[in-house]
Number of protein chains: 2
Amino acid sequence: MNIKEVSERLAIPKETLRYWENTGLIPTVPRNSSGYRDYTENEIKWALFIKAMRKAGMSVESLIEFVALFHTRKNDRVAQKALLQEQYDALLQQRNELDKTISYLGYKLDNFETHTIPFLAEEDYYEMRKEKMLKQEPAEK
Amino acid sequence: MNIKEVSERLAIPKETLRYWENTGLIPTVPRNSSGYRDYTENEIKWALFIKAMRKAGMSVESLIEFVALFHTRKNDRVAQKALLQEQYDALLQQRNELDKTISYLGYKLDNFETHTIPFLAEEDYYEMRKEKMLKQEPAEK
DNA sequence: TTAAACATTCAAGTTCACTTGAAGGCAAAC
DNA sequence: GTTTGCCTTCAAGTGAACTTGAATGTTTAA
């Protein structure tokens, strides 16, 4: 599959696909007789994965590290799974942070009428946390 | 309170506090007789709020807009609340996206042993979505 | 009273993650 | 057979969000 098709199917700019390949986020894509990229399922899968992780806020740098390590562990499925688990845990951590902010804003919203300007007090933040005490749901898989 | 204390209490670099003030993320901080910043509760609250929203992924640009609009609505609590609600909804939307990726990776992790390399297939993504069909929880406040 | 440790502004520099431009080769269409 | 549109590499440019540097002023401690 050439770069245009891949770009359209995955909704990733061609330029970004090339950039990701150059920086090691995606394995080197095989070229056809005229030197054009000819994507296989493998590279497409990686592109999809990278897209998802980037959208979730993972930095390019840490993804490069992950991909490199993952490839050096080609014959160690256990190690690979551990690496994947690490990424997963990082996402859960991020959701925890996000949930805290959501609760914070939700609290301010619920009590908006009864509050005086200015609407955001440091005390409110602690007050909110006392009330809902970080209902740390273990984040279903 | 001077900039050093605020910086330490909120864990925000002094330079960033000045930058946020210059770009309109934080109201202009009053100065003492020698021109030094003397923070009041108001600016500290805003800094806390901005910190939380930045951490949640809100862009500086959209926060500048929000802050400006919020201030022009000083006497319209209803409009202010609506603005706040907008920010809240954006956070919920972000959590939805994050949850999708978490489910995606969680699925890959659960089925890791039974999968052949490479581990991420486009089909898997759809398969996963069929299975758990976007359990669109309305995100409790 | 002078050095250290703060503060100020404003401009310039840095980092990240792309994005664009230049120069050129290949391929299908007229 | 040449124009049109796609592809290639590599270097340079961009935008966002800070971060650092330079020049200068003020407060505190020795």
# chains A, B, ... in the order shown; residues from 1 in each chain; ligands from 1

$ closest_atom_pairs --of "chain C" --to "chain A" --cutoff "12 Å" --atoms "only C-alpha atoms (C1' of nucleotides)" --output "tab-separated table"
residue	atom	partner	partner_atom	distance
C:DT15	C1'	A:Glu61	CA	11.9
C:DC16	C1'	A:Val60	CA	8.7
C:DA17	C1'	A:Val60	CA	7.8
C:DC18	C1'	A:Thr16	CA	7.0
C:DT19	C1'	A:Glu15	CA	7.5
C:DT20	C1'	A:Glu15	CA	9.7
C:DG25	C1'	A:Ser34	CA	8.6
C:DC26	C1'	A:Ser34	CA	6.8
C:DA27	C1'	A:Ser34	CA	10.2

$ calpha_fit_and_write --fixed "chain A" --moving "chain B" --output "compact mmCIF listing (two decimals) with C-alpha atoms, in the first residue's frame"
# COMPACT_ATOMS: atom_id res chain seq x y z
CA MET B 1 -0.13 0.19 -0.01
CA ASN B 2 1.37 3.58 -0.90
CA ILE B 3 1.74 6.51 1.45
CA LYS B 4 -1.27 8.40 0.14
CA GLU B 5 -3.68 5.56 0.82
CA VAL B 6 -2.26 4.92 4.27
CA SER B 7 -2.39 8.61 5.09
CA GLU B 8 -6.06 8.79 4.12
CA ARG B 9 -7.10 5.53 5.78
CA LEU B 10 -5.45 6.38 9.09
CA ALA B 11 -6.07 10.14 8.92
CA ILE B 12 -2.39 10.89 9.47
CA PRO B 13 -0.59 13.43 7.22
CA LYS B 14 1.91 11.85 4.81
CA GLU B 15 4.59 14.14 6.23
CA THR B 16 3.93 12.86 9.73
CA LEU B 17 4.13 9.24 8.57
CA ARG B 18 7.56 9.92 7.08
CA TYR B 19 8.61 11.81 10.20
CA TRP B 20 7.53 8.97 12.46
CA GLU B 21 9.43 6.51 10.34
CA ASN B 22 12.59 8.66 10.38
CA THR B 23 12.52 9.02 14.14
CA GLY B 24 11.97 5.31 14.76
CA LEU B 25 8.33 5.36 15.84
CA ILE B 26 7.44 3.11 12.93
CA PRO B 27 9.59 0.35 11.45
CA THR B 28 11.32 1.17 8.17
CA VAL B 29 8.73 0.78 5.44
CA PRO B 30 9.78 -1.40 2.49
CA ARG B 31 10.27 0.43 -0.83
CA ASN B 32 9.18 -0.69 -4.28
CA SER B 33 11.39 -0.75 -7.40
CA SER B 34 11.22 3.06 -7.74
CA GLY B 35 12.01 3.74 -4.11
CA TYR B 36 8.44 4.51 -3.11
CA ARG B 37 7.14 3.37 0.27
CA ASP B 38 4.99 0.23 0.10
CA TYR B 39 3.33 -0.23 3.48
CA THR B 40 2.56 -3.67 4.87
CA GLU B 41 0.10 -4.50 7.65
CA ASN B 42 2.95 -4.37 10.14
CA GLU B 43 3.78 -0.70 9.64
CA ILE B 44 0.11 0.22 9.46
CA LYS B 45 -0.53 -1.42 12.83
CA TRP B 46 2.35 0.44 14.39
CA ALA B 47 1.13 3.72 12.94
CA LEU B 48 -2.29 3.08 14.47
CA PHE B 49 -0.76 2.30 17.81
CA ILE B 50 1.46 5.38 17.76
CA LYS B 51 -1.49 7.54 16.78
CA ALA B 52 -3.50 6.27 19.73
CA MET B 53 -0.67 6.76 22.20
CA ARG B 54 0.18 10.24 20.92
CA LYS B 55 -3.46 11.22 21.25
CA ALA B 56 -3.39 9.97 24.81
CA GLY B 57 -0.50 12.33 25.51
CA MET B 58 2.53 10.03 25.34
CA SER B 59 5.64 11.89 24.20
CA VAL B 60 7.39 10.95 20.99
CA GLU B 61 10.59 10.44 22.94
CA SER B 62 9.18 7.83 25.32
CA LEU B 63 7.43 6.09 22.44
CA ILE B 64 10.71 5.86 20.52
CA GLU B 65 12.23 4.19 23.57
CA PHE B 66 9.31 1.81 23.87
CA VAL B 67 9.37 0.84 20.21
CA ALA B 68 13.13 0.29 20.23
CA LEU B 69 13.00 -1.86 23.36
CA PHE B 70 10.03 -3.76 22.03
CA HIS B 71 11.95 -4.67 18.89
CA THR B 72 15.08 -5.75 20.72
CA ARG B 73 12.84 -8.15 22.65
CA LYS B 74 11.54 -9.78 19.51
CA ASN B 75 11.99 -13.24 21.03
CA ASP B 76 10.92 -12.42 24.54
CA ARG B 77 7.16 -12.19 24.64
CA VAL B 78 7.18 -11.86 28.42
CA ALA B 79 9.39 -8.79 28.28
CA GLN B 80 7.29 -7.37 25.50
CA LYS B 81 4.14 -7.81 27.51
CA ALA B 82 5.74 -6.12 30.48
CA LEU B 83 6.62 -3.13 28.29
CA LEU B 84 3.07 -2.95 27.06
CA GLN B 85 1.83 -3.15 30.63
CA GLU B 86 4.03 -0.19 31.48
CA GLN B 87 2.42 1.91 28.78
CA TYR B 88 -0.97 0.82 30.02
CA ASP B 89 -0.18 1.85 33.58
CA ALA B 90 0.97 5.24 32.38
CA LEU B 91 -2.39 5.71 30.71
CA LEU B 92 -4.19 4.79 33.92
CA GLN B 93 -2.11 7.29 35.81
CA GLN B 94 -3.08 9.94 33.33
CA ARG B 95 -6.72 9.13 33.70
CA ASN B 96 -6.40 9.49 37.45
CA GLU B 97 -5.05 13.00 37.03
CA LEU B 98 -7.75 13.85 34.57
CA ASP B 99 -10.42 12.53 36.93
CA LYS B 100 -9.13 14.74 39.71
CA THR B 101 -9.49 17.82 37.55
CA ILE B 102 -12.92 16.71 36.38
CA SER B 103 -14.07 16.34 39.98
CA TYR B 104 -12.58 19.72 40.80
CA LEU B 105 -14.43 21.50 38.02
CA GLY B 106 -17.58 19.48 38.63
CA TYR B 107 -17.60 20.60 42.23
CA LYS B 108 -17.16 24.25 41.24
CA LEU B 109 -19.98 23.88 38.79
CA ASP B 110 -22.35 22.32 41.31
CA ASN B 111 -21.75 25.11 43.78
CA PHE B 112 -21.47 27.94 41.31
CA GLU B 113 -24.62 29.85 42.33
CA THR B 114 -23.81 29.86 46.04
CA HIS B 115 -20.24 31.03 45.52
CA THR B 116 -19.14 34.62 45.37
CA ILE B 117 -16.81 35.90 42.72
CA PRO B 118 -14.07 34.90 42.38
CA PHE B 119 -15.25 31.38 41.88
CA LEU B 120 -12.11 29.35 42.44
CA ALA B 121 -10.63 29.17 45.90
CA GLU B 122 -7.77 27.02 47.06
CA GLU B 123 -9.93 25.91 49.98
CA ASP B 124 -12.58 24.72 47.58
CA TYR B 125 -10.09 22.31 46.13
CA TYR B 126 -9.38 20.73 49.49
CA GLU B 127 -13.07 20.83 50.40
CA MET B 128 -13.87 18.93 47.25
CA ARG B 129 -11.22 16.34 47.92
CA LYS B 130 -12.50 15.77 51.43
CA GLU B 131 -16.00 15.24 50.07
CA LYS B 132 -15.21 12.76 47.33
CA MET B 133 -11.84 11.57 48.70
CA LEU B 134 -10.25 10.48 45.43
CA LYS B 135 -12.61 7.61 44.67
CA GLN B 136 -9.60 5.75 43.25
CA GLU B 137 -11.42 3.25 41.04
CA PRO B 138 -8.89 0.71 39.77
CA ALA B 139 -9.79 1.51 36.16
CA GLU B 140 -11.34 -1.58 34.55
CA LYS B 141 -9.53 -3.23 31.65

$ residues_around --residues "stretch 20-22 of chain D" --least-positions-apart "4" --cutoff "9 Å" --atoms "only C-alpha atoms (C1' of nucleotides)" --output "count of residues only"
4

$ interface_residues --of "chain D" --to "chain A" --cutoff "10 Å" --atoms "only C-alpha atoms (C1' of nucleotides)" --output "ChimeraX atom specification"
/D:6-8

$ residues_around --residues "C:DA3" --least-positions-apart "5" --cutoff "12 Å" --atoms "only C-alpha atoms (C1' of nucleotides)" --output "ChimeraX atom specification"
/D:28-30

$ write_last_selection --atoms "N, CA and C atoms (P, O5', C5', C4', C3', O3' and C1' of nucleotides)" --output "PDB file, in the first residue's frame"
ATOM      1  P    DT D  28      13.705  43.818  53.617  1.00  0.00           P
ATOM      2  O5'  DT D  28      15.048  43.001  53.934  1.00  0.00           O
ATOM      3  C5'  DT D  28      15.288  41.754  53.265  1.00  0.00           C
ATOM      4  C4'  DT D  28      16.629  41.220  53.720  1.00  0.00           C
ATOM      5  C3'  DT D  28      16.938  41.470  55.198  1.00  0.00           C
ATOM      6  O3'  DT D  28      17.190  40.184  55.796  1.00  0.00           O
ATOM      7  C1'  DT D  28      18.745  42.200  53.809  1.00  0.00           C
ATOM      8  P    DA D  29      18.215  39.890  56.969  1.00  0.00           P
ATOM      9  O5'  DA D  29      19.559  39.860  56.108  1.00  0.00           O
ATOM     10  C5'  DA D  29      20.119  38.619  55.699  1.00  0.00           C
ATOM     11  C4'  DA D  29      21.625  38.691  55.877  1.00  0.00           C
ATOM     12  C3'  DA D  29      22.091  38.739  57.326  1.00  0.00           C
ATOM     13  O3'  DA D  29      23.216  37.847  57.465  1.00  0.00           O
ATOM     14  C1'  DA D  29      22.895  40.656  56.182  1.00  0.00           C
ATOM     15  P    DA D  30      24.397  38.135  58.547  1.00  0.00           P
ATOM     16  O5'  DA D  30      25.409  38.977  57.663  1.00  0.00           O
ATOM     17  C5'  DA D  30      26.218  38.337  56.671  1.00  0.00           C
ATOM     18  C4'  DA D  30      27.549  39.052  56.535  1.00  0.00           C
ATOM     19  C3'  DA D  30      28.430  39.016  57.780  1.00  0.00           C
ATOM     20  O3'  DA D  30      29.809  39.015  57.394  1.00  0.00           O
ATOM     21  C1'  DA D  30      27.813  41.253  57.356  1.00  0.00           C
TER      22       DA D  30
END

$ residues_around --residues "C:DG21" --least-positions-apart "4" --cutoff "10 Å" --atoms "only C-alpha atoms (C1' of nucleotides)" --output "list in words"
DA11, DA12 and DG13 of chain D

$ select_by_dssp --residues "stretch 9-47 of chain A" --states "helix (DSSP H, G or I)" --output "PyMOL selection string"
chain A and resi 9-10+14-23+41-47

$ write_last_selection --atoms "C-alpha atoms" --output "JSON list (two decimals), in the first residue's frame"
[["chain", "number", "residue", "atom", "x", "y", "z"],
["A", 9, "ARG", "CA", -7.08, 5.31, 5.70],
["A", 10, "LEU", "CA", -5.45, 6.22, 8.99],
["A", 14, "LYS", "CA", 1.87, 11.74, 4.72],
["A", 15, "GLU", "CA", 4.50, 14.06, 6.10],
["A", 16, "THR", "CA", 3.83, 12.80, 9.61],
["A", 17, "LEU", "CA", 4.09, 9.18, 8.51],
["A", 18, "ARG", "CA", 7.51, 9.90, 7.02],
["A", 19, "TYR", "CA", 8.54, 11.83, 10.12],
["A", 20, "TRP", "CA", 7.47, 9.00, 12.41],
["A", 21, "GLU", "CA", 9.42, 6.53, 10.34],
["A", 22, "ASN", "CA", 12.54, 8.72, 10.36],
["A", 23, "THR", "CA", 12.46, 9.13, 14.12],
["A", 41, "GLU", "CA", 0.23, -4.60, 7.71],
["A", 42, "ASN", "CA", 3.07, -4.41, 10.22],
["A", 43, "GLU", "CA", 3.86, -0.74, 9.69],
["A", 44, "ILE", "CA", 0.19, 0.14, 9.48],
["A", 45, "LYS", "CA", -0.44, -1.45, 12.84],
["A", 46, "TRP", "CA", 2.40, 0.46, 14.39],
["A", 47, "ALA", "CA", 1.15, 3.70, 12.91]]

$ atom_distance --atom1 "atom C1' of C:DT9" --atom2 "atom C1' of D:DT14"
26.6 Å
